[in-house]
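Student: Hey, dropping structure38.csv in here, CSV, C-alpha atoms:
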```
chain,number,residue,atom,x,y,z
A,1,MET,CA,13.0,-74.9,-23.7
A,2,THR,CA,16.6,-74.8,-24.7
A,3,THR,CA,19.8,-73.8,-22.9
A,4,PRO,CA,21.8,-71.0,-24.3
A,5,HIS,CA,24.1,-73.5,-25.8
A,6,GLY,CA,21.3,-75.1,-27.8
A,7,HIS,CA,20.7,-78.2,-25.7
A,8,ARG,CA,17.2,-79.4,-24.8
A,9,ARG,CA,16.1,-79.4,-21.2
A,10,PRO,CA,12.8,-80.1,-19.5
A,11,SER,CA,10.4,-77.1,-19.7
A,12,SER,CA,9.8,-75.8,-16.2
A,13,GLY,CA,9.3,-72.5,-14.5
A,14,ILE,CA,11.2,-71.0,-11.6
A,15,GLY,CA,9.7,-72.7,-8.7
A,16,ARG,CA,9.3,-71.7,-5.1
A,17,ARG,CA,12.2,-73.8,-4.0
A,18,THR,CA,14.5,-72.0,-6.4
A,19,LEU,CA,13.4,-68.6,-5.2
A,20,LEU,CA,13.8,-69.6,-1.6
A,21,GLY,CA,17.3,-70.9,-2.4
A,22,ILE,CA,18.2,-67.6,-4.0
A,23,ALA,CA,16.8,-65.6,-1.1
A,24,GLY,CA,18.9,-67.8,1.3
A,25,LEU,CA,22.0,-66.7,-0.6
A,26,GLY,CA,21.2,-63.1,0.0
A,27,VAL,CA,20.8,-62.4,-3.8
A,28,PRO,CA,17.7,-60.5,-5.0
A,29,ALA,CA,15.0,-62.8,-6.3
A,30,ALA,CA,15.0,-60.9,-9.6
A,31,ALA,CA,18.7,-61.5,-9.8
A,32,ILE,CA,18.4,-65.2,-10.5
A,33,GLY,CA,21.6,-66.5,-12.1
A,34,ALA,CA,22.4,-66.7,-15.8
A,35,TYR,CA,21.3,-70.4,-15.9
A,36,GLN,CA,17.8,-69.5,-14.7
A,37,MET,CA,17.2,-66.5,-17.0
A,38,ARG,CA,17.4,-68.2,-20.4
A,39,ALA,CA,14.5,-67.3,-22.7
A,40,ALA,CA,11.7,-69.7,-22.8
A,41,GLY,CA,10.3,-71.2,-26.0
A,42,ALA,CA,13.3,-70.5,-28.1
A,43,PRO,CA,13.9,-72.7,-31.1
A,44,GLU,CA,16.3,-75.5,-30.7
A,45,ILE,CA,19.8,-74.8,-32.1
A,46,VAL,CA,22.3,-77.6,-32.2
A,47,ASP,CA,25.9,-76.7,-31.6
A,48,PRO,CA,28.5,-77.9,-34.0
A,49,ALA,CA,30.1,-81.2,-33.1
A,50,PRO,CA,33.0,-80.8,-30.6
A,51,SER,CA,36.4,-80.7,-32.2
A,52,ALA,CA,39.2,-82.9,-31.1
A,53,PRO,CA,41.5,-81.4,-28.5
A,54,SER,CA,43.9,-79.0,-30.1
A,55,ALA,CA,47.5,-78.1,-29.3
A,56,ALA,CA,48.0,-75.0,-27.2
A,57,PRO,CA,47.6,-72.0,-29.4
A,58,SER,CA,50.7,-70.1,-30.2
A,59,VAL,CA,51.2,-66.9,-28.3
A,60,THR,CA,53.7,-64.1,-28.5
A,61,PRO,CA,56.3,-64.0,-25.6
A,62,SER,CA,54.1,-61.3,-24.1
A,63,PRO,CA,50.4,-62.3,-24.7
A,64,PHE,CA,49.6,-58.6,-24.8
A,65,ALA,CA,52.0,-57.5,-27.6
A,66,ASP,CA,49.4,-55.2,-29.2
A,67,ALA,CA,48.2,-53.6,-25.9
A,68,ASP,CA,48.9,-50.0,-25.0
A,69,PRO,CA,52.1,-50.3,-22.8
A,70,ASP,CA,50.7,-47.5,-20.6
A,71,GLN,CA,47.5,-49.3,-20.0
A,72,LYS,CA,46.9,-51.0,-16.6
A,73,LEU,CA,45.9,-54.4,-17.7
A,74,GLY,CA,42.7,-55.5,-16.0
A,75,GLY,CA,41.8,-52.0,-14.7
A,76,THR,CA,41.1,-51.8,-11.0
A,77,VAL,CA,41.3,-55.6,-10.7
A,78,PRO,CA,44.7,-56.0,-12.2
A,79,TYR,CA,45.9,-59.0,-14.3
A,80,ARG,CA,49.0,-60.7,-12.8
A,81,ALA,CA,51.2,-62.6,-15.2
A,82,GLY,CA,51.2,-66.3,-14.5
A,83,LYS,CA,48.6,-66.0,-11.8
A,84,ALA,CA,44.9,-66.7,-12.3
A,85,MET,CA,42.3,-65.6,-9.8
A,86,ARG,CA,39.9,-68.4,-8.9
A,87,GLY,CA,36.4,-67.9,-7.9
A,88,SER,CA,32.8,-69.0,-8.3
A,89,TYR,CA,29.1,-68.4,-8.3
A,90,LEU,CA,28.0,-70.5,-5.3
A,91,GLY,CA,24.4,-71.7,-5.0
A,92,LEU,CA,24.2,-74.8,-2.7
A,93,LYS,CA,20.9,-76.2,-1.4
A,94,GLY,CA,20.2,-75.4,2.2
A,95,LYS,CA,23.1,-73.0,2.6
A,96,THR,CA,23.5,-69.2,2.6
A,97,TYR,CA,26.2,-67.8,0.4
A,98,ALA,CA,28.4,-67.3,3.6
A,99,GLU,CA,27.9,-71.0,4.5
A,100,ALA,CA,28.7,-72.1,1.0
A,101,LEU,CA,31.9,-70.1,1.0
A,102,ALA,CA,32.9,-71.6,4.4
A,103,LEU,CA,32.3,-75.2,3.0
A,104,ARG,CA,34.4,-74.6,0.0
A,105,LYS,CA,37.2,-73.1,2.0
A,106,LYS,CA,37.2,-76.1,4.3
A,107,GLN,CA,37.2,-78.5,1.3
A,108,LEU,CA,39.8,-76.6,-0.8
A,109,GLY,CA,42.1,-75.1,1.8
A,110,ARG,CA,41.7,-71.7,0.1
A,111,THR,CA,39.0,-69.1,0.0
A,112,GLU,CA,37.4,-67.7,-3.1
A,113,ARG,CA,39.3,-64.9,-4.8
A,114,ILE,CA,36.2,-63.9,-6.8
A,115,VAL,CA,32.6,-64.0,-5.6
A,116,HIS,CA,30.1,-64.0,-8.4
A,117,VAL,CA,26.6,-62.4,-7.9
A,118,PHE,CA,23.8,-61.8,-10.3
A,119,TYR,CA,21.4,-58.8,-10.5
A,120,ALA,CA,18.5,-57.9,-12.8
A,121,TRP,CA,18.4,-54.7,-14.8
A,122,GLU,CA,16.1,-52.9,-12.4
A,123,ASP,CA,17.6,-54.3,-9.2
A,124,ARG,CA,19.5,-52.0,-6.8
A,125,LEU,CA,23.1,-53.0,-7.2
A,126,PRO,CA,24.9,-53.8,-3.9
A,127,THR,CA,26.6,-51.1,-1.7
A,128,SER,CA,28.0,-53.9,0.5
A,129,ILE,CA,28.4,-57.7,0.3
A,130,PRO,CA,28.7,-58.8,4.0
A,131,TYR,CA,29.8,-62.3,3.2
A,132,LEU,CA,32.6,-61.3,0.9
A,133,PRO,CA,35.9,-62.6,2.1
A,134,LYS,CA,38.5,-59.9,2.9
A,135,SER,CA,40.8,-61.1,0.1
A,136,ALA,CA,38.0,-61.4,-2.5
A,137,VAL,CA,36.6,-59.1,-5.2
A,138,PRO,CA,33.0,-59.2,-6.3
A,139,LEU,CA,32.1,-60.1,-9.9
A,140,VAL,CA,28.7,-58.3,-10.4
A,141,SER,CA,26.8,-59.7,-13.4
A,142,TRP,CA,24.1,-57.1,-14.3
A,143,ARG,CA,21.4,-58.0,-16.7
A,144,GLY,CA,20.7,-55.7,-19.7
A,145,ALA,CA,17.6,-54.4,-21.4
A,146,LYS,CA,16.3,-53.7,-24.9
A,147,TYR,CA,18.6,-51.3,-26.7
A,148,LYS,CA,16.0,-48.8,-27.3
A,149,ASN,CA,15.3,-48.5,-23.6
A,150,ILE,CA,18.9,-47.5,-23.0
A,151,LEU,CA,19.7,-45.4,-26.1
A,152,ASN,CA,16.6,-43.2,-25.7
A,153,GLY,CA,18.0,-41.9,-22.4
A,154,LYS,CA,15.1,-43.1,-20.3
A,155,SER,CA,17.4,-45.4,-18.3
A,156,ASP,CA,20.1,-42.8,-17.6
A,157,ASP,CA,18.9,-42.2,-14.0
A,158,LEU,CA,18.8,-46.0,-13.4
A,159,ILE,CA,22.3,-46.4,-14.7
A,160,ALA,CA,23.6,-43.4,-12.7
A,161,ALA,CA,22.0,-44.8,-9.5
A,162,ALA,CA,23.7,-48.2,-10.2
A,163,ALA,CA,27.0,-46.5,-10.7
A,164,ARG,CA,26.7,-44.6,-7.4
A,165,ARG,CA,25.9,-47.9,-5.6
A,166,ILE,CA,28.9,-49.7,-7.1
A,167,ARG,CA,31.0,-46.7,-6.2
A,168,ALA,CA,29.8,-47.0,-2.6
A,169,LEU,CA,31.2,-50.5,-2.4
A,170,ASP,CA,34.5,-48.7,-2.1
A,171,GLN,CA,36.6,-51.5,-3.4
A,172,PRO,CA,37.7,-52.8,-6.8
A,173,THR,CA,34.7,-54.5,-8.5
A,174,LEU,CA,34.4,-56.5,-11.6
A,175,LEU,CA,31.3,-55.5,-13.6
A,176,ARG,CA,29.9,-57.8,-16.3
A,177,TRP,CA,27.0,-56.1,-18.0
A,178,GLY,CA,24.9,-57.7,-20.6
A,179,TRP,CA,26.7,-61.0,-20.9
A,180,GLU,CA,26.3,-63.6,-23.7
A,181,MET,CA,25.0,-60.9,-26.0
A,182,ASN,CA,25.9,-63.0,-29.0
A,183,GLY,CA,23.2,-65.6,-28.1
A,184,HIS,CA,19.5,-65.6,-29.0
A,185,TRP,CA,18.3,-66.1,-25.4
A,186,TYR,CA,18.5,-62.7,-23.7
A,187,GLU,CA,16.6,-59.5,-24.4
A,188,TRP,CA,19.8,-57.6,-24.7
A,189,GLY,CA,21.2,-59.9,-27.4
A,190,GLY,CA,21.5,-58.7,-30.9
A,191,LYS,CA,19.0,-61.3,-32.2
A,192,LYS,CA,16.2,-59.7,-30.0
A,193,ASN,CA,17.2,-56.2,-31.0
A,194,GLY,CA,16.8,-56.3,-34.8
A,195,ASP,CA,20.0,-58.2,-35.5
A,196,ASP,CA,22.0,-55.1,-34.4
A,197,PRO,CA,25.3,-55.7,-32.6
A,198,ASP,CA,26.1,-52.0,-33.1
A,199,GLY,CA,23.3,-51.2,-30.8
A,200,TYR,CA,24.8,-53.3,-28.1
A,201,VAL,CA,28.1,-51.5,-28.5
A,202,GLU,CA,26.4,-48.1,-28.2
A,203,CYS,CA,24.6,-49.3,-25.0
A,204,TYR,CA,27.8,-50.6,-23.5
A,205,ARG,CA,29.6,-47.3,-24.2
A,206,ARG,CA,26.7,-45.3,-22.8
A,207,LEU,CA,26.9,-47.2,-19.5
A,208,HIS,CA,30.6,-46.8,-19.4
A,209,ARG,CA,30.3,-43.0,-19.9
A,210,ILE,CA,27.7,-42.6,-17.2
A,211,PHE,CA,29.7,-44.7,-14.7
A,212,ASP,CA,32.7,-42.4,-15.4
A,213,GLU,CA,30.6,-39.3,-14.9
A,214,GLU,CA,29.4,-40.7,-11.5
A,215,GLY,CA,32.9,-41.3,-10.4
A,216,ALA,CA,32.6,-45.1,-10.2
A,217,ASP,CA,36.3,-45.5,-10.9
A,218,ASN,CA,36.5,-48.7,-8.8
A,219,VAL,CA,34.9,-50.6,-11.7
A,220,SER,CA,36.9,-53.1,-13.8
A,221,TRP,CA,34.8,-53.7,-17.0
A,222,VAL,CA,34.3,-57.3,-18.1
A,223,TRP,CA,32.9,-57.8,-21.6
A,224,SER,CA,31.7,-61.4,-21.7
A,225,PRO,CA,30.3,-63.2,-24.8
A,226,ASN,CA,29.2,-66.8,-25.0
A,227,TRP,CA,31.8,-69.2,-26.3
A,228,ASN,CA,30.0,-69.6,-29.6
A,229,ALA,CA,27.5,-67.3,-31.4
A,230,ASN,CA,23.9,-68.4,-31.9
A,231,PRO,CA,22.6,-67.9,-34.5
A,232,GLN,CA,25.8,-68.6,-36.4
A,233,GLU,CA,25.4,-65.9,-39.0
A,234,ALA,CA,27.9,-63.2,-40.3
A,235,TRP,CA,26.1,-60.3,-38.7
A,236,ASN,CA,26.2,-62.1,-35.3
A,237,ALA,CA,30.0,-62.7,-35.2
A,238,THR,CA,31.2,-62.2,-31.7
A,239,GLU,CA,33.7,-59.6,-32.5
A,240,ASN,CA,30.9,-57.3,-33.9
A,241,TYR,CA,29.8,-56.8,-30.2
A,242,TYR,CA,33.2,-55.7,-29.0
A,243,PRO,CA,33.0,-52.1,-27.5
A,244,GLY,CA,36.6,-51.3,-28.1
A,245,ASP,CA,39.8,-51.5,-26.1
A,246,ASP,CA,39.1,-48.2,-24.3
A,247,TYR,CA,35.9,-49.7,-22.8
A,248,VAL,CA,37.0,-53.2,-21.8
A,249,ASP,CA,39.4,-54.2,-19.0
A,250,TRP,CA,38.8,-58.0,-19.2
A,251,VAL,CA,37.5,-60.2,-22.0
A,252,GLY,CA,35.3,-62.9,-20.5
A,253,VAL,CA,33.7,-66.0,-21.9
A,254,SER,CA,31.0,-68.5,-20.8
A,255,GLY,CA,31.5,-72.1,-21.7
A,256,TYR,CA,30.1,-75.4,-20.3
A,257,ASN,CA,31.0,-79.0,-20.9
A,258,LEU,CA,27.5,-80.0,-22.1
A,259,HIS,CA,28.2,-82.1,-25.2
A,260,GLU,CA,31.6,-83.5,-24.0
A,261,GLU,CA,33.3,-80.4,-25.4
A,262,SER,CA,37.0,-80.0,-24.6
A,263,PRO,CA,38.3,-76.8,-23.0
A,264,GLN,CA,39.9,-76.0,-26.3
A,265,THR,CA,36.6,-76.2,-28.1
A,266,LEU,CA,34.9,-73.9,-25.6
A,267,PHE,CA,37.6,-71.3,-25.1
A,268,ASP,CA,40.2,-71.2,-27.8
A,269,GLY,CA,38.0,-69.0,-30.1
A,270,ILE,CA,37.9,-66.1,-27.6
A,271,TYR,CA,41.5,-66.8,-26.5
A,272,GLN,CA,43.0,-66.6,-29.9
A,273,GLY,CA,40.8,-63.6,-30.9
A,274,PHE,CA,41.6,-61.4,-27.9
A,275,SER,CA,44.5,-62.6,-25.8
A,276,ALA,CA,47.0,-60.4,-27.6
A,277,ARG,CA,44.9,-57.3,-26.4
A,278,LYS,CA,43.3,-58.1,-23.1
A,279,PRO,CA,43.5,-60.5,-20.2
A,280,ILE,CA,41.0,-63.3,-20.4
A,281,MET,CA,38.5,-64.3,-17.7
A,282,ILE,CA,36.5,-67.5,-17.9
A,283,THR,CA,33.4,-66.0,-16.3
A,284,GLU,CA,31.2,-69.2,-16.3
A,285,VAL,CA,32.4,-72.7,-16.5
A,286,GLY,CA,31.1,-76.1,-15.4
A,287,SER,CA,31.1,-79.7,-16.4
A,288,MET,CA,28.5,-82.4,-16.7
A,289,ASP,CA,29.2,-85.9,-15.4
A,290,TRP,CA,29.2,-88.6,-18.1
A,291,GLY,CA,29.9,-91.4,-15.6
A,292,GLY,CA,33.0,-92.8,-14.0
A,293,THR,CA,35.6,-90.1,-13.4
A,294,THR,CA,34.6,-88.1,-16.5
A,295,LYS,CA,33.8,-84.9,-14.5
A,296,ALA,CA,37.1,-85.1,-12.5
A,297,ASP,CA,39.0,-85.8,-15.7
A,298,TRP,CA,37.5,-82.7,-17.4
A,299,ILE,CA,38.4,-80.5,-14.4
A,300,THR,CA,42.0,-81.9,-14.7
A,301,ALA,CA,42.1,-81.2,-18.4
A,302,PHE,CA,40.8,-77.7,-17.8
A,303,THR,CA,43.5,-77.1,-15.2
A,304,ARG,CA,46.1,-78.1,-17.9
A,305,TYR,CA,44.4,-75.9,-20.4
A,306,VAL,CA,44.7,-72.8,-18.2
A,307,GLN,CA,48.3,-73.6,-17.4
A,308,GLU,CA,49.1,-73.6,-21.1
A,309,ARG,CA,47.5,-70.2,-21.8
A,310,PRO,CA,49.2,-67.3,-20.0
A,311,ALA,CA,46.7,-64.6,-20.8
A,312,ILE,CA,44.0,-66.3,-18.7
A,313,GLY,CA,44.0,-64.2,-15.5
A,314,ALA,CA,40.8,-65.4,-13.9
A,315,VAL,CA,38.5,-68.5,-13.7
A,316,VAL,CA,35.0,-68.3,-12.2
A,317,TRP,CA,33.3,-71.7,-11.7
A,318,PHE,CA,29.5,-72.2,-11.8
A,319,ASP,CA,29.3,-74.2,-8.6
A,320,THR,CA,25.6,-74.9,-7.9
A,321,ASP,CA,22.9,-77.6,-7.4
A,322,THR,CA,20.0,-75.2,-7.4
A,323,HIS,CA,19.3,-75.3,-11.1
A,324,GLU,CA,15.8,-76.8,-11.3
A,325,SER,CA,15.7,-77.1,-15.0
A,326,TYR,CA,18.7,-79.4,-15.1
A,327,THR,CA,19.0,-82.9,-13.6
A,328,GLU,CA,22.7,-82.3,-13.8
A,329,ASP,CA,24.4,-81.2,-10.6
A,330,TRP,CA,26.9,-78.5,-11.4
A,331,ARG,CA,28.5,-78.7,-7.9
A,332,THR,CA,32.2,-79.4,-7.8
A,333,ASP,CA,31.8,-81.9,-5.0
A,334,THR,CA,29.4,-84.3,-6.6
A,335,ASP,CA,31.8,-87.2,-5.9
A,336,GLU,CA,35.2,-87.7,-4.2
A,337,ALA,CA,37.1,-87.7,-7.5
A,338,SER,CA,35.6,-84.4,-8.7
A,339,ILE,CA,36.3,-82.5,-5.5
A,340,ALA,CA,39.8,-83.9,-5.4
A,341,ALA,CA,40.4,-82.6,-9.0
A,342,TYR,CA,38.9,-79.2,-8.1
A,343,ARG,CA,41.0,-79.1,-4.9
A,344,ALA,CA,44.1,-79.8,-7.0
A,345,LEU,CA,43.1,-76.9,-9.3
A,346,ALA,CA,42.5,-74.6,-6.4
A,347,GLN,CA,45.9,-75.4,-4.8
A,348,ASN,CA,47.8,-75.2,-8.1
A,349,ALA,CA,50.2,-72.2,-8.1
A,350,ARG,CA,48.7,-71.1,-11.4
A,351,PHE,CA,45.5,-70.4,-9.7
A,352,ALA,CA,47.0,-68.3,-6.8
A,353,GLY,CA,46.1,-64.9,-8.3
```
Starting from the file, lay out its structure as structure tokens.
Tutor:
Amino acid sequence: MTTPHGHRRPSSGIGRRTLLGIAGLGVPAAAIGAYQMRAAGAPEIVDPAPSAPSAAPSVTPSPFADADPDQKLGGTVPYRAGKAMRGSYLGLKGKTYAEALALRKKQLGRTERIVHVFYAWEDRLPTSIPYLPKSAVPLVSWRGAKYKNILNGKSDDLIAAAARRIRALDQPTLLRWGWEMNGHWYEWGGKKNGDDPDGYVECYRRLHRIFDEEGADNVSWVWSPNWNANPQEAWNATENYYPGDDYVDWVGVSGYNLHEESPQTLFDGIYQGFSARKPIMITEVGSMDWGGTTKADWITAFTRYVQERPAIGAVVWFDTDTHESYTEDWRTDTDEASIAAYRALAQNARFAG
């Protein structure tokens, strides 16, 4: 089995312990996070060698020079210049989501601004999130389906029901549908749908239209590819999946330090491609520990990276130790140096969005 980023990991199913952990978080069992829903048996793909850290990319005085001046950047969850919202997906062994949130607040001196939750395509999306801090907004990652099962209209009722439930949340909500579509590991990816990125665009626009028809105007739409496209072929270029400025409020990106990649390697492609048009959200990020203070050092480098790029308006950490298929612990508090670096990030004024 491989990860979405092409790295080998031990083959294992989703065990009882994982399911119990998810249930303890109050998340539907079918809504196992992105890390647990990678396709099994996929051929190994090796990422290109990480590039050396680059200088900060040049940006215009306004990073949104090409955006419609009448457009509310970020939609119902607005972008604030110079301020990045900080949040996470939290999955900590032996703790409910509420308990995990309380632990991080104690450690960091700040609560989460974004709380990330995952749902499967046929799950009932939430109408309430009891553990959500008052100052936080939910980021709802909703899995997709085969394009034909959306474009033939047979899923319209399911989509409409989901829209009504999100509308019932009655608060601004980030919706990330069909993420990492430029990879080979999900059933809603172009590779598993006849090498057809246009089909993804049609699906995305159909969902958007139905949500509009159902009056779900509290949704801020997050389009969120993987940091690199797999397979790396012309038809699968990430920009081919972009639904258009009228359908996207935030451009997201998933990227993990798995091969000692720098933040520049992981995120500059999306940043340079879209930061003149839309605010950028790093929707999944985490770092492996290579010994010593390497994890802490990477978090510190990531902090500097965001400080240098004004169009980044949100950062959502993948903060968990419930990933059975990895020996790596993605928690931010694996050692004193790492949690200190993450605390410094959380308390930095740049992350006070």
Student: Of the candidates A:Thr111, A:Thr265, A:Asn182, A:Thr96, which one gets nearest to A:Ala346 if we count all atoms listed in the file?
Tutor: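 Among the listed residues, A:Thr111 lies closest to A:Ala346.
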Student: Please report the interatomic distance between atom CA of A:Trp235 and atom CA of A:Pro197 in Å with one decimal.
Tutor: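 Separating atom CA of A:Trp235 from atom CA of A:Pro197 is a distance of 7.7 Å.
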Student: Just give me the residues with any atom within 7 Å of (42.0, -68.8, -11.8), file coordinates, counting only C-alpha atoms, written as an NGL selection string.
Tutor: :A and (84-87 or 313-315 or 351 or 353)
Student: When you count all atoms listed in the file, which of these residues is closest to A:Leu174: A:Glu284, A:Glu261, A:Asp212, A:Asp249?
Tutor: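 That would be A:Asp249, the residue with the smallest distance to A:Leu174.
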Student: At a cut-off of 7 Å, using all atoms listed in the file, what residues contact A:Glu180? Leave out same-chain residues fewer than 6 positions from it and give the result as a PyMOL selection string.
Tutor: chain A and resi 224-226
Student: Compute the distance from (30.7, -72.8, -18.9) to each atom, counting all atoms listed in the file, keep the residues with any atom at most 6 Å away, and return them as number ranges by chain; use the coordinates of the file.
Tutor: A: 254-256, 284-286
Student: A:Gln347, A:Gln171, A:Ser262, A:Thr294: which is nearest A:Val219, counting all atoms listed in the file?
Tutor: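 For A:Val219, the nearest of the candidates is A:Gln171.
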Student: Quick check, in Å to one decimal: how far apart do atom CA of A:Trp290 and atom CA of A:Gly183 lie?
Tutor: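 Between atom CA of A:Trp290 and atom CA of A:Gly183 the gap works out to 25.8 Å.
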Student: What separation in Å, quoted to one decimal, exists between atom CA of A:Arg209 and atom CA of A:Lys191?
Tutor: 24.8 Å
